[in-house]
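Data file: final.tsv. Format and content: TSV, C-alpha atoms and all ligand atoms.
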chain	number	residue	atom	x	y	z
A	246	MET	CA	-3.91	170.24	133.75
A	247	ARG	CA	-6.71	172.12	132.04
A	248	ALA	CA	-9.56	170.17	130.43
A	249	PHE	CA	-12.64	171.29	128.48
A	250	GLN	CA	-15.42	169.31	130.13
A	251	LEU	CA	-19.10	168.67	129.79
A	252	VAL	CA	-20.27	169.29	133.34
A	253	GLU	CA	-24.06	169.34	132.96
A	254	TRP	CA	-26.32	168.15	130.14
A	255	GLN	CA	-27.62	170.92	127.88
A	256	ARG	CA	-25.26	173.43	129.50
A	257	PRO	CA	-22.13	174.88	127.86
A	258	PRO	CA	-18.95	172.88	128.62
A	259	GLU	CA	-16.38	174.43	130.99
A	260	LEU	CA	-12.61	174.73	131.14
A	261	ARG	CA	-11.62	173.08	134.43
A	262	GLU	CA	-8.49	172.11	136.35
A	263	VAL	CA	-8.16	168.30	136.68
A	264	PRO	CA	-5.32	165.94	137.69
A	265	VAL	CA	-2.97	164.58	135.00
A	266	PRO	CA	-3.89	160.86	134.67
A	267	GLU	CA	-1.31	158.18	135.52
A	268	PRO	CA	-0.95	155.39	132.94
A	269	GLY	CA	-1.55	151.95	134.46
A	270	PRO	CA	-0.38	148.63	133.00
A	271	GLY	CA	-0.91	148.54	129.21
A	272	GLN	CA	-2.07	152.17	129.07
A	273	ILE	CA	-0.33	155.13	127.44
A	274	LEU	CA	-0.38	158.80	128.36
A	275	VAL	CA	-0.47	160.99	125.25
A	276	LYS	CA	0.43	164.68	125.19
A	277	VAL	CA	-2.37	166.14	123.08
A	278	ALA	CA	-1.27	168.09	120.01
A	279	GLY	CA	-4.72	168.50	118.47
A	280	ALA	CA	-8.31	167.60	119.29
A	281	GLY	CA	-10.84	168.17	116.51
A	282	ALA	CA	-14.21	169.80	117.19
A	283	CYS	CA	-16.70	167.43	115.55
A	284	HIS	CA	-20.32	168.32	114.84
A	285	SER	CA	-21.29	165.25	116.91
A	286	ASP	CA	-20.09	167.13	120.01
A	287	LEU	CA	-22.73	169.77	119.30
A	288	HIS	CA	-25.37	167.01	119.14
A	289	ILE	CA	-24.03	165.66	122.48
A	290	MET	CA	-24.09	169.10	124.14
A	291	GLN	CA	-27.68	169.68	123.03
A	292	ALA	CA	-28.96	166.22	123.97
A	293	PRO	CA	-31.11	165.56	127.03
A	294	PRO	CA	-29.51	163.40	129.77
A	295	PRO	CA	-29.10	159.93	128.21
A	296	ALA	CA	-31.01	157.00	129.68
A	297	ASP	CA	-27.82	154.89	129.94
A	298	GLY	CA	-26.61	156.75	133.04
A	299	THR	CA	-23.50	158.28	131.40
A	300	MET	CA	-21.54	159.98	134.17
A	301	LEU	CA	-20.53	163.64	134.10
A	302	PRO	CA	-18.21	165.41	133.98
A	303	PHE	CA	-16.05	164.14	131.15
A	304	THR	CA	-13.55	165.84	128.85
A	305	LEU	CA	-14.74	166.40	125.27
A	306	GLY	CA	-12.69	165.67	122.14
A	307	HIS	CA	-12.94	162.31	120.35
A	308	GLU	CA	-10.71	163.19	117.35
A	309	ASN	CA	-7.18	163.25	118.73
A	310	ALA	CA	-3.50	163.14	117.88
A	311	GLY	CA	-0.38	163.95	119.85
A	312	TRP	CA	2.93	162.65	121.10
A	313	VAL	CA	3.55	159.68	123.38
A	314	LYS	CA	4.34	161.07	126.83
A	315	THR	CA	4.53	158.04	129.14
A	316	PRO	CA	4.00	154.40	128.13
A	317	GLY	CA	2.55	152.53	131.13
A	318	PRO	CA	4.11	149.34	132.56
A	319	GLY	CA	4.27	146.55	129.98
A	320	VAL	CA	3.76	148.76	126.93
A	321	ALA	CA	6.25	148.05	124.14
A	322	GLY	CA	6.70	149.56	120.71
A	323	PHE	CA	6.13	153.25	121.48
A	324	ALA	CA	8.80	155.70	122.60
A	325	PRO	CA	8.21	159.05	124.33
A	326	GLY	CA	7.96	161.85	121.78
A	327	GLU	CA	6.62	159.67	118.97
A	328	ALA	CA	3.80	161.32	116.97
A	329	VAL	CA	0.63	159.23	117.07
A	330	ILE	CA	-3.02	159.42	116.10
A	331	VAL	CA	-5.59	157.98	118.48
A	332	TYR	CA	-8.15	155.46	117.22
A	333	GLY	CA	-11.36	156.65	118.89
A	334	PRO	CA	-13.82	153.77	119.37
A	335	TRP	CA	-12.31	151.90	122.29
A	336	GLY	CA	-13.53	148.32	122.05
A	337	CYS	CA	-12.96	145.40	124.42
A	338	GLY	CA	-10.39	143.80	122.09
A	339	LEU	CA	-11.87	140.35	122.65
A	340	CYS	CA	-15.27	140.13	120.94
A	341	VAL	CA	-15.41	138.93	117.33
A	342	ASN	CA	-15.85	142.43	115.87
A	343	CYS	CA	-12.87	143.77	117.85
A	344	ARG	CA	-10.74	140.82	116.76
A	345	GLU	CA	-11.49	141.81	113.18
A	346	GLY	CA	-10.33	145.35	113.96
A	347	ARG	CA	-13.90	146.68	113.89
A	348	GLU	CA	-13.73	148.08	117.42
A	349	ASN	CA	-16.32	150.65	116.29
A	350	TYR	CA	-18.81	147.79	116.51
A	351	CYS	CA	-17.52	146.28	119.76
A	352	GLN	CA	-20.20	144.05	121.22
A	353	VAL	CA	-19.20	145.06	124.76
A	354	THR	CA	-18.47	148.82	124.69
A	355	GLY	CA	-20.57	149.82	121.68
A	356	GLY	CA	-17.50	151.51	120.23
A	357	LEU	CA	-17.54	154.49	122.56
A	358	GLY	CA	-14.23	156.02	123.59
A	359	GLY	CA	-12.41	159.07	124.89
A	360	GLY	CA	-14.54	162.22	124.56
A	361	LEU	CA	-17.79	160.25	124.37
A	362	ALA	CA	-20.23	158.90	126.94
A	363	GLY	CA	-18.33	159.50	130.13
A	364	HIS	CA	-14.77	158.75	128.92
A	365	ASP	CA	-12.28	161.63	129.09
A	366	GLY	CA	-11.23	162.84	125.63
A	367	GLY	CA	-8.51	164.98	124.11
A	368	MET	CA	-9.53	168.57	124.86
A	369	ALA	CA	-6.98	168.62	127.66
A	370	GLU	CA	-3.23	168.75	127.94
A	371	TYR	CA	-3.00	164.96	128.29
A	372	LEU	CA	-5.14	162.02	127.19
A	373	LEU	CA	-5.02	158.59	128.81
A	374	VAL	CA	-5.36	155.92	126.10
A	375	PRO	CA	-6.36	152.50	127.49
A	376	ALA	CA	-4.30	150.30	125.13
A	377	SER	CA	-1.43	150.70	122.70
A	378	ARG	CA	-3.44	149.12	119.86
A	379	PHE	CA	-5.44	152.39	119.73
A	380	LEU	CA	-2.33	154.33	118.65
A	381	ILE	CA	-1.17	154.52	115.03
A	382	PRO	CA	2.24	156.09	114.33
A	383	LEU	CA	2.02	159.26	112.23
A	384	GLY	CA	5.59	159.25	110.95
A	385	ALA	CA	6.41	162.71	109.61
A	386	LEU	CA	2.80	164.00	109.76
A	387	ASP	CA	2.20	166.90	112.17
A	388	PRO	CA	-0.33	165.67	114.78
A	389	ARG	CA	-1.86	169.17	115.00
A	390	GLU	CA	-2.88	168.83	111.35
A	391	ALA	CA	-3.55	165.09	111.42
A	392	ALA	CA	-6.02	164.88	114.33
A	393	PRO	CA	-9.14	165.15	112.09
A	394	LEU	CA	-8.05	162.03	110.21
A	395	SER	CA	-9.17	159.97	113.21
A	396	ASP	CA	-12.87	160.85	112.82
A	397	ALA	CA	-13.67	163.14	109.88
A	398	GLY	CA	-11.14	161.11	107.85
A	399	LEU	CA	-11.85	157.61	109.15
A	400	THR	CA	-15.67	157.90	109.18
A	401	SER	CA	-15.71	159.22	105.61
A	402	TYR	CA	-13.18	156.62	104.48
A	403	HIS	CA	-15.21	153.75	105.88
A	404	ALA	CA	-18.41	155.13	104.33
A	405	VAL	CA	-16.75	155.33	100.90
A	406	LYS	CA	-14.82	152.08	101.08
A	407	ARG	CA	-17.84	149.89	101.82
A	408	SER	CA	-19.35	151.07	98.50
A	409	LEU	CA	-16.22	151.06	96.32
A	410	HIS	CA	-17.45	148.09	94.26
A	411	LEU	CA	-20.22	150.34	92.91
A	412	LEU	CA	-17.84	153.10	91.82
A	413	GLY	CA	-16.53	151.94	88.46
A	414	PRO	CA	-15.82	154.19	85.45
A	415	GLY	CA	-18.78	156.39	84.61
A	416	SER	CA	-20.28	156.12	88.09
A	417	THR	CA	-21.43	159.04	90.24
A	418	ALA	CA	-21.00	159.69	93.96
A	419	VAL	CA	-22.89	162.49	95.71
A	420	VAL	CA	-21.72	163.97	99.01
A	421	ILE	CA	-24.43	165.99	100.79
A	422	GLY	CA	-22.86	168.31	103.39
A	423	ALA	CA	-19.35	169.49	102.56
A	424	GLY	CA	-18.14	170.31	106.08
A	425	GLY	CA	-15.43	168.47	108.01
A	426	LEU	CA	-16.59	165.00	106.99
A	427	GLY	CA	-17.84	165.91	103.52
A	428	GLN	CA	-14.56	167.55	102.49
A	429	MET	CA	-12.72	164.41	103.54
A	430	ALA	CA	-15.21	162.25	101.61
A	431	VAL	CA	-14.66	164.27	98.43
A	432	GLN	CA	-10.88	163.85	98.66
A	433	ILE	CA	-11.14	160.16	99.53
A	434	LEU	CA	-13.46	159.54	96.56
A	435	ARG	CA	-10.97	161.39	94.39
A	436	ALA	CA	-8.08	159.30	95.71
A	437	LEU	CA	-9.81	155.90	95.49
A	438	THR	CA	-11.78	156.21	92.27
A	439	ALA	CA	-10.24	157.14	88.93
A	440	ALA	CA	-13.35	157.71	86.82
A	441	THR	CA	-16.22	158.47	89.19
A	442	THR	CA	-17.95	161.84	88.96
A	443	VAL	CA	-17.92	163.39	92.43
A	444	VAL	CA	-20.72	165.82	93.28
A	445	ALA	CA	-20.75	167.94	96.45
A	446	VAL	CA	-23.97	169.51	97.74
A	447	ASP	CA	-24.19	172.12	100.51
A	448	THR	CA	-26.25	175.13	101.58
A	449	ASP	CA	-23.08	177.25	101.87
A	450	ALA	CA	-21.35	178.60	98.76
A	451	GLY	CA	-17.99	178.81	100.53
A	452	LYS	CA	-18.11	175.10	101.41
A	453	LEU	CA	-18.88	174.32	97.77
A	454	GLU	CA	-15.86	176.31	96.59
A	455	THR	CA	-13.68	174.36	99.01
A	456	ALA	CA	-15.17	171.06	97.83
A	457	LYS	CA	-14.35	171.97	94.23
A	458	ARG	CA	-10.80	172.84	95.18
A	459	MET	CA	-10.56	169.46	96.88
A	460	GLY	CA	-11.54	167.61	93.73
A	461	ALA	CA	-15.34	167.66	93.37
A	462	ASP	CA	-16.37	167.71	89.70
A	463	GLU	CA	-19.62	169.51	90.48
A	464	ALA	CA	-20.62	171.60	93.49
A	465	LEU	CA	-24.32	172.32	93.86
A	466	LEU	CA	-26.39	174.41	96.21
A	467	SER	CA	-28.89	172.25	98.09
A	468	GLY	CA	-32.40	172.28	96.61
A	469	ASP	CA	-34.61	171.04	93.78
A	470	GLN	CA	-32.20	172.30	91.13
A	471	ALA	CA	-29.46	170.09	92.55
A	472	VAL	CA	-31.78	167.07	92.24
A	473	THR	CA	-32.56	167.94	88.62
A	474	ARG	CA	-28.90	168.47	87.80
A	475	ILE	CA	-27.83	165.14	89.30
A	476	LYS	CA	-30.63	163.35	87.46
A	477	ASP	CA	-29.52	165.01	84.19
A	478	MET	CA	-25.88	164.12	84.77
A	479	THR	CA	-26.79	160.48	85.32
A	480	ARG	CA	-29.23	160.21	82.38
A	481	GLY	CA	-32.11	159.96	84.79
A	482	GLN	CA	-30.64	157.03	86.70
A	483	GLY	CA	-29.29	158.72	89.83
A	484	ALA	CA	-26.00	158.17	91.64
A	485	GLU	CA	-24.45	154.83	92.60
A	486	LEU	CA	-23.51	156.24	96.02
A	487	VAL	CA	-25.15	159.03	98.00
A	488	LEU	CA	-23.50	159.99	101.28
A	489	ASP	CA	-25.69	162.12	103.52
A	490	MET	CA	-23.33	163.89	105.92
A	491	VAL	CA	-26.19	165.93	107.43
A	492	GLY	CA	-29.07	163.53	108.12
A	493	VAL	CA	-31.97	165.97	108.40
A	494	GLU	CA	-35.33	165.44	106.71
A	495	PRO	CA	-34.60	167.57	103.59
A	496	THR	CA	-31.20	165.95	102.94
A	497	LEU	CA	-32.58	162.43	103.43
A	498	ARG	CA	-35.40	163.22	101.03
A	499	MET	CA	-32.89	164.52	98.51
A	500	ALA	CA	-30.66	161.48	99.01
A	501	ALA	CA	-33.57	159.17	98.16
A	502	GLN	CA	-34.34	161.27	95.07
A	503	VAL	CA	-30.80	161.18	93.65
A	504	ALA	CA	-29.85	157.57	94.50
A	505	ARG	CA	-30.25	154.90	91.84
A	506	VAL	CA	-31.75	151.44	91.66
A	507	LEU	CA	-29.27	148.98	93.27
A	508	GLY	CA	-27.27	151.92	94.68
A	509	HIS	CA	-26.20	152.80	98.20
A	510	LEU	CA	-27.76	155.54	100.33
A	511	THR	CA	-25.47	156.02	103.30
A	512	VAL	CA	-26.55	158.15	106.23
A	513	VAL	CA	-23.56	159.44	108.17
A	514	GLY	CA	-24.99	162.68	109.61
A	515	LEU	CA	-26.75	162.57	112.96
A	516	GLY	CA	-29.22	165.34	112.14
A	517	GLY	CA	-32.10	163.38	113.63
A	518	GLY	CA	-34.24	163.20	110.46
A	519	ALA	CA	-36.15	160.08	109.45
A	520	LEU	CA	-36.00	158.52	105.98
A	521	ALA	CA	-39.38	157.60	104.54
A	522	VAL	CA	-39.37	154.18	102.86
A	523	ASP	CA	-42.00	152.81	100.51
A	524	PHE	CA	-42.03	150.51	97.48
A	525	SER	CA	-40.29	152.88	95.08
A	526	SER	CA	-38.40	155.30	97.35
A	527	PRO	CA	-35.52	154.89	97.95
A	528	PRO	CA	-35.23	153.29	94.48
A	529	HIS	CA	-35.64	149.52	94.15
A	530	GLU	CA	-32.92	147.54	95.92
A	531	CYS	CA	-31.03	150.65	96.96
A	532	SER	CA	-29.38	149.70	100.24
A	533	VAL	CA	-29.54	152.10	103.15
A	534	ALA	CA	-26.86	152.01	105.84
A	535	SER	CA	-25.92	154.17	108.80
A	536	PRO	CA	-22.23	153.43	109.41
A	537	TYR	CA	-20.54	154.46	112.62
A	538	TRP	CA	-16.86	155.54	112.51
A	539	GLY	CA	-14.41	152.97	111.00
A	540	SER	CA	-12.00	150.14	111.77
A	541	VAL	CA	-8.41	150.12	113.03
A	542	PRO	CA	-6.97	148.86	109.70
A	543	GLU	CA	-8.94	151.57	107.89
A	544	LEU	CA	-7.34	154.25	110.09
A	545	VAL	CA	-3.92	152.90	109.03
A	546	GLU	CA	-5.04	153.34	105.40
A	547	VAL	CA	-6.31	156.88	106.06
A	548	VAL	CA	-2.95	157.82	107.62
A	549	THR	CA	-1.21	156.34	104.56
A	550	LEU	CA	-3.36	158.47	102.23
A	551	ALA	CA	-2.39	161.58	104.22
A	552	GLN	CA	1.28	160.60	104.18
A	553	GLN	CA	1.03	160.28	100.41
A	554	ARG	CA	-0.55	163.77	100.33
A	555	LYS	CA	-3.72	162.44	98.71
A	556	ILE	CA	-5.92	163.90	101.48
A	557	LYS	CA	-5.51	166.95	103.71
A	558	MET	CA	-7.95	168.55	106.09
A	559	LEU	CA	-8.40	172.31	106.01
A	560	VAL	CA	-7.59	173.02	109.67
A	561	GLU	CA	-8.07	176.11	111.86
A	562	HIS	CA	-6.30	175.97	115.21
A	563	PHE	CA	-7.72	177.24	118.53
A	564	PRO	CA	-5.95	177.26	121.91
A	565	LEU	CA	-7.77	175.36	124.69
A	566	GLU	CA	-9.16	178.56	126.24
A	567	ARG	CA	-10.94	179.24	122.92
A	568	ALA	CA	-12.55	175.78	122.63
A	569	ALA	CA	-16.03	177.18	123.40
A	570	GLU	CA	-15.59	179.74	120.62
A	571	ALA	CA	-14.53	177.01	118.18
A	572	TYR	CA	-17.76	175.12	118.87
A	573	GLN	CA	-19.81	178.30	118.57
A	574	LEU	CA	-18.27	178.98	115.15
A	575	LEU	CA	-18.93	175.37	114.12
A	576	HIS	CA	-22.54	175.74	115.27
A	577	ASP	CA	-22.87	178.93	113.22
A	578	GLY	CA	-21.42	177.28	110.08
A	579	LYS	CA	-18.34	179.53	110.19
A	580	ILE	CA	-15.60	176.89	110.31
A	581	ARG	CA	-14.30	176.43	106.77
A	582	GLY	CA	-12.97	172.91	107.33
A	583	ARG	CA	-12.21	171.59	110.79
A	584	ALA	CA	-11.53	173.44	114.04
A	585	VAL	CA	-8.72	171.77	115.98
A	586	VAL	CA	-8.06	172.65	119.61
A	587	THR	CA	-4.36	172.73	120.48
A	588	PRO	CA	-3.96	172.47	124.28
A	589	LEU	CA	-0.20	172.98	124.48
A	590	VAL	CA	0.58	175.42	121.68
A	601	LIG	P1	-19.87	170.21	109.81
A	601	LIG	O1	-20.68	171.17	110.59
A	601	LIG	O2	-18.42	170.44	109.65
A	601	LIG	O3	-20.48	170.05	108.34
A	601	LIG	C1	-21.84	169.97	108.06
A	601	LIG	C2	-22.05	170.56	106.67
A	601	LIG	O4	-23.41	170.33	106.27
A	601	LIG	C3	-21.84	172.07	106.60
A	601	LIG	O5	-20.96	172.38	105.53
A	601	LIG	C4	-23.24	172.62	106.36
A	601	LIG	O6	-23.21	173.82	105.60
A	601	LIG	C5	-23.87	171.48	105.61
A	601	LIG	N1	-25.35	171.47	105.65
A	601	LIG	C6	-26.17	171.75	106.70
A	601	LIG	N2	-27.45	171.62	106.33
A	601	LIG	C7	-27.45	171.24	105.04
A	601	LIG	C8	-28.48	170.95	104.09
A	601	LIG	N3	-29.77	171.03	104.41
A	601	LIG	N4	-28.11	170.59	102.82
A	601	LIG	C9	-26.80	170.50	102.49
A	601	LIG	N5	-25.79	170.78	103.34
A	601	LIG	C10	-26.11	171.14	104.61
A	601	LIG	O7	-20.16	168.79	110.49
A	601	LIG	P2	-19.24	167.46	110.49
A	601	LIG	O8	-18.35	167.48	111.69
A	601	LIG	O9	-18.69	167.24	109.14
A	601	LIG	O10	-20.35	166.34	110.81
A	601	LIG	C11	-21.36	166.04	109.87
A	601	LIG	C12	-22.38	165.11	110.51
A	601	LIG	O11	-21.80	163.81	110.66
A	601	LIG	C13	-22.84	165.52	111.90
A	601	LIG	O12	-24.23	165.24	112.04
A	601	LIG	C14	-22.04	164.61	112.82
A	601	LIG	O13	-22.68	164.40	114.05
A	601	LIG	C15	-22.01	163.37	111.98
A	601	LIG	N6	-20.93	162.39	112.30
A	601	LIG	C16	-21.26	161.08	112.19
A	601	LIG	C17	-20.28	160.13	112.42
A	601	LIG	C18	-20.64	158.67	112.28
A	601	LIG	O14	-19.85	157.83	112.72
A	601	LIG	N7	-21.75	158.32	111.67
A	601	LIG	C19	-18.99	160.51	112.74
A	601	LIG	C20	-18.69	161.87	112.82
A	601	LIG	C21	-19.66	162.81	112.57
A	602	ZN	ZN	-17.14	162.83	115.62
A	603	ZN	ZN	-15.24	144.14	121.58
When written as structure tokens, how does the structure in this file appear?
Amino acid sequence: MRAFQLVEWQRPPELREVPVPEPGPGQILVKVAGAGACHSDLHIMQAPPPADGTMLPFTLGHENAGWVKTPGPGVAGFAPGEAVIVYGPWGCGLCVNCREGRENYCQVTGGLGGGLAGHDGGMAEYLLVPASRFLIPLGALDPREAAPLSDAGLTSYHAVKRSLHLLGPGSTAVVIGAGGLGQMAVQILRALTAATTVVAVDTDAGKLETAKRMGADEALLSGDQAVTRIKDMTRGQGAELVLDMVGVEPTLRMAAQVARVLGHLTVVGLGGGALAVDFSSPPHECSVASPYWGSVPELVEVVTLAQQRKIKMLVEHFPLERAAEAYQLLHDGKIRGRAVVTPLV
């Protein structure tokens, strides 16, 4: 089969011919319908060789959905042809965090999975999934459209859900960076909060238009005026929740400026910026967190939201031979929502 692989660090990935994997006991072979191109892959491609000895090559694509092809020996509950989404952080299943469903914080694997750190991912015709608990049935959802739910959806959902107790009537949530993750966050905030004002911030006017269409009450171009506007809207107090989906110095600075006392400043973007902390910035008792992905039960909830048509990713499809182009467009800011690579169609 063909697979889009990272072959050398800091070199463009390549489309290569590799064997179709054979599912062993407990494993499942999935025919890939869609593999989302996440901005994290760009960070991975640009990174120097990691110190942990991650082996190359490996197939990219950590945001996957498809159809069950072959359940391995001993696998029950999944039939060939069934549409499934793949939970990405592949934990050990046995540590306390995994037993709580938080395989993203597995104490053994660190929550890495297919398409990350040496494990083959979904930018190939088939994906070998190590255990059936990583598959969630999609029901009537089309896996080509649903793939981004497993990362852009799940990561944003987890980041919102952990702060829901702050988002009562009259509250404000700010989403900085309205790309793949940010657009999901706006819709999730809309779906989970009835009377929260949702503000999207981006450097790209097109992204802001999309965010508005997806339910943002305000869409602001990044900069000092956005800070002033958010302060005005919140009577000088700032927002209960600020999600930074970019994570560079200017967005972190802005996040600290628009968060409120006792609020949450949540850094999701891996832009590599550092947040300055002193006595009064971020505001007093504003908690800062850097969540990674989400839990298995949360992915079930994200799929339910999509089945209820409360959230929908704006998807552009690319055949496998155009995967490199999809990443180039993402790098250039020219993907309107999410690029999804479709190996078989
Ligand atoms: P994306 O490229 O689709 O979206 C990024 C958006 O940020 C774009 O709309 C861009 O215009 C906007 N932007 C860039 N600079 C900005 C600035 N200075 N101010 C405001 N907006 C700005 O990327 P994505 O796939 O949505 O990923 C977003 C980030 O989240 C990436 O850094 C990615 O690595 C990270 N990520 C983290 C996790 C996690 O578990 N923490 C999971 C997935 C992705
Ligand atoms: Zn990702
Ligand atoms: Zn574990």
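Each of A:Asp469, A:Asp449, A:Asp523, A:Glu546 was checked against Arg581 (chain A) using only C-alpha atoms; the smallest atom-to-atom distance is that of A:Asp449.
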Spatial neighbours of region 247-259 of chain A, 12 Å, all atoms listed in the file, chain gap at least 3 places, as an MDAnalysis selection string: chainID A and resid 262:266 277 280 282 286:295 298:306 359:372 564:573 586:589
Same residues, C-alpha atoms, output as a PDB file, keeping the file's coordinate frame:
ATOM      1  CA  GLU A 262      -8.490 172.110 136.350  1.00  0.00           C
ATOM      2  CA  VAL A 263      -8.160 168.300 136.680  1.00  0.00           C
ATOM      3  CA  PRO A 264      -5.320 165.940 137.690  1.00  0.00           C
ATOM      4  CA  VAL A 265      -2.970 164.580 135.000  1.00  0.00           C
ATOM      5  CA  PRO A 266      -3.890 160.860 134.670  1.00  0.00           C
ATOM      6  CA  VAL A 277      -2.370 166.140 123.080  1.00  0.00           C
ATOM      7  CA  ALA A 280      -8.310 167.600 119.290  1.00  0.00           C
ATOM      8  CA  ALA A 282     -14.210 169.800 117.190  1.00  0.00           C
ATOM      9  CA  ASP A 286     -20.090 167.130 120.010  1.00  0.00           C
ATOM     10  CA  LEU A 287     -22.730 169.770 119.300  1.00  0.00           C
ATOM     11  CA  HIS A 288     -25.370 167.010 119.140  1.00  0.00           C
ATOM     12  CA  ILE A 289     -24.030 165.660 122.480  1.00  0.00           C
ATOM     13  CA  MET A 290     -24.090 169.100 124.140  1.00  0.00           C
ATOM     14  CA  GLN A 291     -27.680 169.680 123.030  1.00  0.00           C
ATOM     15  CA  ALA A 292     -28.960 166.220 123.970  1.00  0.00           C
ATOM     16  CA  PRO A 293     -31.110 165.560 127.030  1.00  0.00           C
ATOM     17  CA  PRO A 294     -29.510 163.400 129.770  1.00  0.00           C
ATOM     18  CA  PRO A 295     -29.100 159.930 128.210  1.00  0.00           C
ATOM     19  CA  GLY A 298     -26.610 156.750 133.040  1.00  0.00           C
ATOM     20  CA  THR A 299     -23.500 158.280 131.400  1.00  0.00           C
ATOM     21  CA  MET A 300     -21.540 159.980 134.170  1.00  0.00           C
ATOM     22  CA  LEU A 301     -20.530 163.640 134.100  1.00  0.00           C
ATOM     23  CA  PRO A 302     -18.210 165.410 133.980  1.00  0.00           C
ATOM     24  CA  PHE A 303     -16.050 164.140 131.150  1.00  0.00           C
ATOM     25  CA  THR A 304     -13.550 165.840 128.850  1.00  0.00           C
ATOM     26  CA  LEU A 305     -14.740 166.400 125.270  1.00  0.00           C
ATOM     27  CA  GLY A 306     -12.690 165.670 122.140  1.00  0.00           C
ATOM     28  CA  GLY A 359     -12.410 159.070 124.890  1.00  0.00           C
ATOM     29  CA  GLY A 360     -14.540 162.220 124.560  1.00  0.00           C
ATOM     30  CA  LEU A 361     -17.790 160.250 124.370  1.00  0.00           C
ATOM     31  CA  ALA A 362     -20.230 158.900 126.940  1.00  0.00           C
ATOM     32  CA  GLY A 363     -18.330 159.500 130.130  1.00  0.00           C
ATOM     33  CA  HIS A 364     -14.770 158.750 128.920  1.00  0.00           C
ATOM     34  CA  ASP A 365     -12.280 161.630 129.090  1.00  0.00           C
ATOM     35  CA  GLY A 366     -11.230 162.840 125.630  1.00  0.00           C
ATOM     36  CA  GLY A 367      -8.510 164.980 124.110  1.00  0.00           C
ATOM     37  CA  MET A 368      -9.530 168.570 124.860  1.00  0.00           C
ATOM     38  CA  ALA A 369      -6.980 168.620 127.660  1.00  0.00           C
ATOM     39  CA  GLU A 370      -3.230 168.750 127.940  1.00  0.00           C
ATOM     40  CA  TYR A 371      -3.000 164.960 128.290  1.00  0.00           C
ATOM     41  CA  LEU A 372      -5.140 162.020 127.190  1.00  0.00           C
ATOM     42  CA  PRO A 564      -5.950 177.260 121.910  1.00  0.00           C
ATOM     43  CA  LEU A 565      -7.770 175.360 124.690  1.00  0.00           C
ATOM     44  CA  GLU A 566      -9.160 178.560 126.240  1.00  0.00           C
ATOM     45  CA  ARG A 567     -10.940 179.240 122.920  1.00  0.00           C
ATOM     46  CA  ALA A 568     -12.550 175.780 122.630  1.00  0.00           C
ATOM     47  CA  ALA A 569     -16.030 177.180 123.400  1.00  0.00           C
ATOM     48  CA  GLU A 570     -15.590 179.740 120.620  1.00  0.00           C
ATOM     49  CA  ALA A 571     -14.530 177.010 118.180  1.00  0.00           C
ATOM     50  CA  TYR A 572     -17.760 175.120 118.870  1.00  0.00           C
ATOM     51  CA  GLN A 573     -19.810 178.300 118.570  1.00  0.00           C
ATOM     52  CA  VAL A 586      -8.060 172.650 119.610  1.00  0.00           C
ATOM     53  CA  THR A 587      -4.360 172.730 120.480  1.00  0.00           C
ATOM     54  CA  PRO A 588      -3.960 172.470 124.280  1.00  0.00           C
ATOM     55  CA  LEU A 589      -0.200 172.980 124.480  1.00  0.00           C
TER      56      LEU A 589
END
For Ala519 (chain A), list every protein, DNA or RNA residue within 10 Å, evaluated using all atoms listed in the file, and leave out those in the same chain fewer than 3 positions away; present the list as a PyMOL selection string. chain A and resi 492-495+497-498+516+522
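The neighbours of region 427-433 of chain A here are the residues that come within 8 Å of it, using all atoms listed in the file and leaving out any residue fewer than 2 positions away in the same chain; they are Ala397, Gly398, Ser401, Tyr402, Val405, Val420, Ile421, Gly422, Ala423, Gly424, Gly425, Arg435, Ala436, Leu437, Val443, Ala445, Thr455, Ala456, Met459, Gly460, Ala461, Met490, Lys555, Ile556, Lys557, Met558 and Gly582 of chain A.
Residues lying within 6 Å of (-28.0, 151.9, 94.9). Counted over all atoms listed in the file, they are Glu485, Ala504, Arg505, Val506, Leu507, Gly508, His509, Cys531 and Ser532 of chain A.
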Given 8 Å and all atoms listed in the file, residues near ligand ZN 603 (chain A) as a list in words: Gly336, Cys337, Gly338, Leu339, Cys340, Val341, Asn342, Cys343, Arg344, Glu348, Tyr350, Cys351, Gln352, Val353, Thr354, Gly355 and Gly356 of chain A
re CA of Leu453 (chain A) and CA of Ala521 (chain A): distance 27.3 Å
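Here CA of Gly451 (chain A) and atom C5 of ligand LIG 601 (chain A) stand 10.7 Å from one another.
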Could you give me the residues within 8 Å of ligand ZN 602 (chain A), counting all atoms listed in the file, as a CSV table (one decimal) with C-alpha atoms, in the coordinates of the input?
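pocket28.csv written:
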chain,number,residue,atom,x,y,z
A,282,ALA,CA,-14.2,169.8,117.2
A,283,CYS,CA,-16.7,167.4,115.6
A,284,HIS,CA,-20.3,168.3,114.8
A,285,SER,CA,-21.3,165.2,116.9
A,286,ASP,CA,-20.1,167.1,120.0
A,307,HIS,CA,-12.9,162.3,120.4
A,308,GLU,CA,-10.7,163.2,117.4
A,396,ASP,CA,-12.9,160.8,112.8
A,397,ALA,CA,-13.7,163.1,109.9
A,538,TRP,CA,-16.9,155.5,112.5
Edge lengths and centre, in Å to one decimal, as lines of an AutoDock Vina configuration file: that's what I need for the box along x, y and z that holds all listed atoms of ligand LIG 601 (chain A) plus 4 Å on each side.
center_x = -24.1
center_y = 165.8
center_z = 108.3
size_x = 19.4
size_y = 24.0
size_z = 19.6
Please indicate the distance in Å from CA of Gly384 (chain A) to CA of Leu559 (chain A), rounded to one decimal place. 19.8 Å
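Comparing the minimum interatomic distances between ligand LIG 601 (chain A) and each of A:Asp462, A:Glu530, A:Asp447, A:Glu561, counting only C-alpha atoms and all ligand atoms, we find that A:Asp447 sits nearest.
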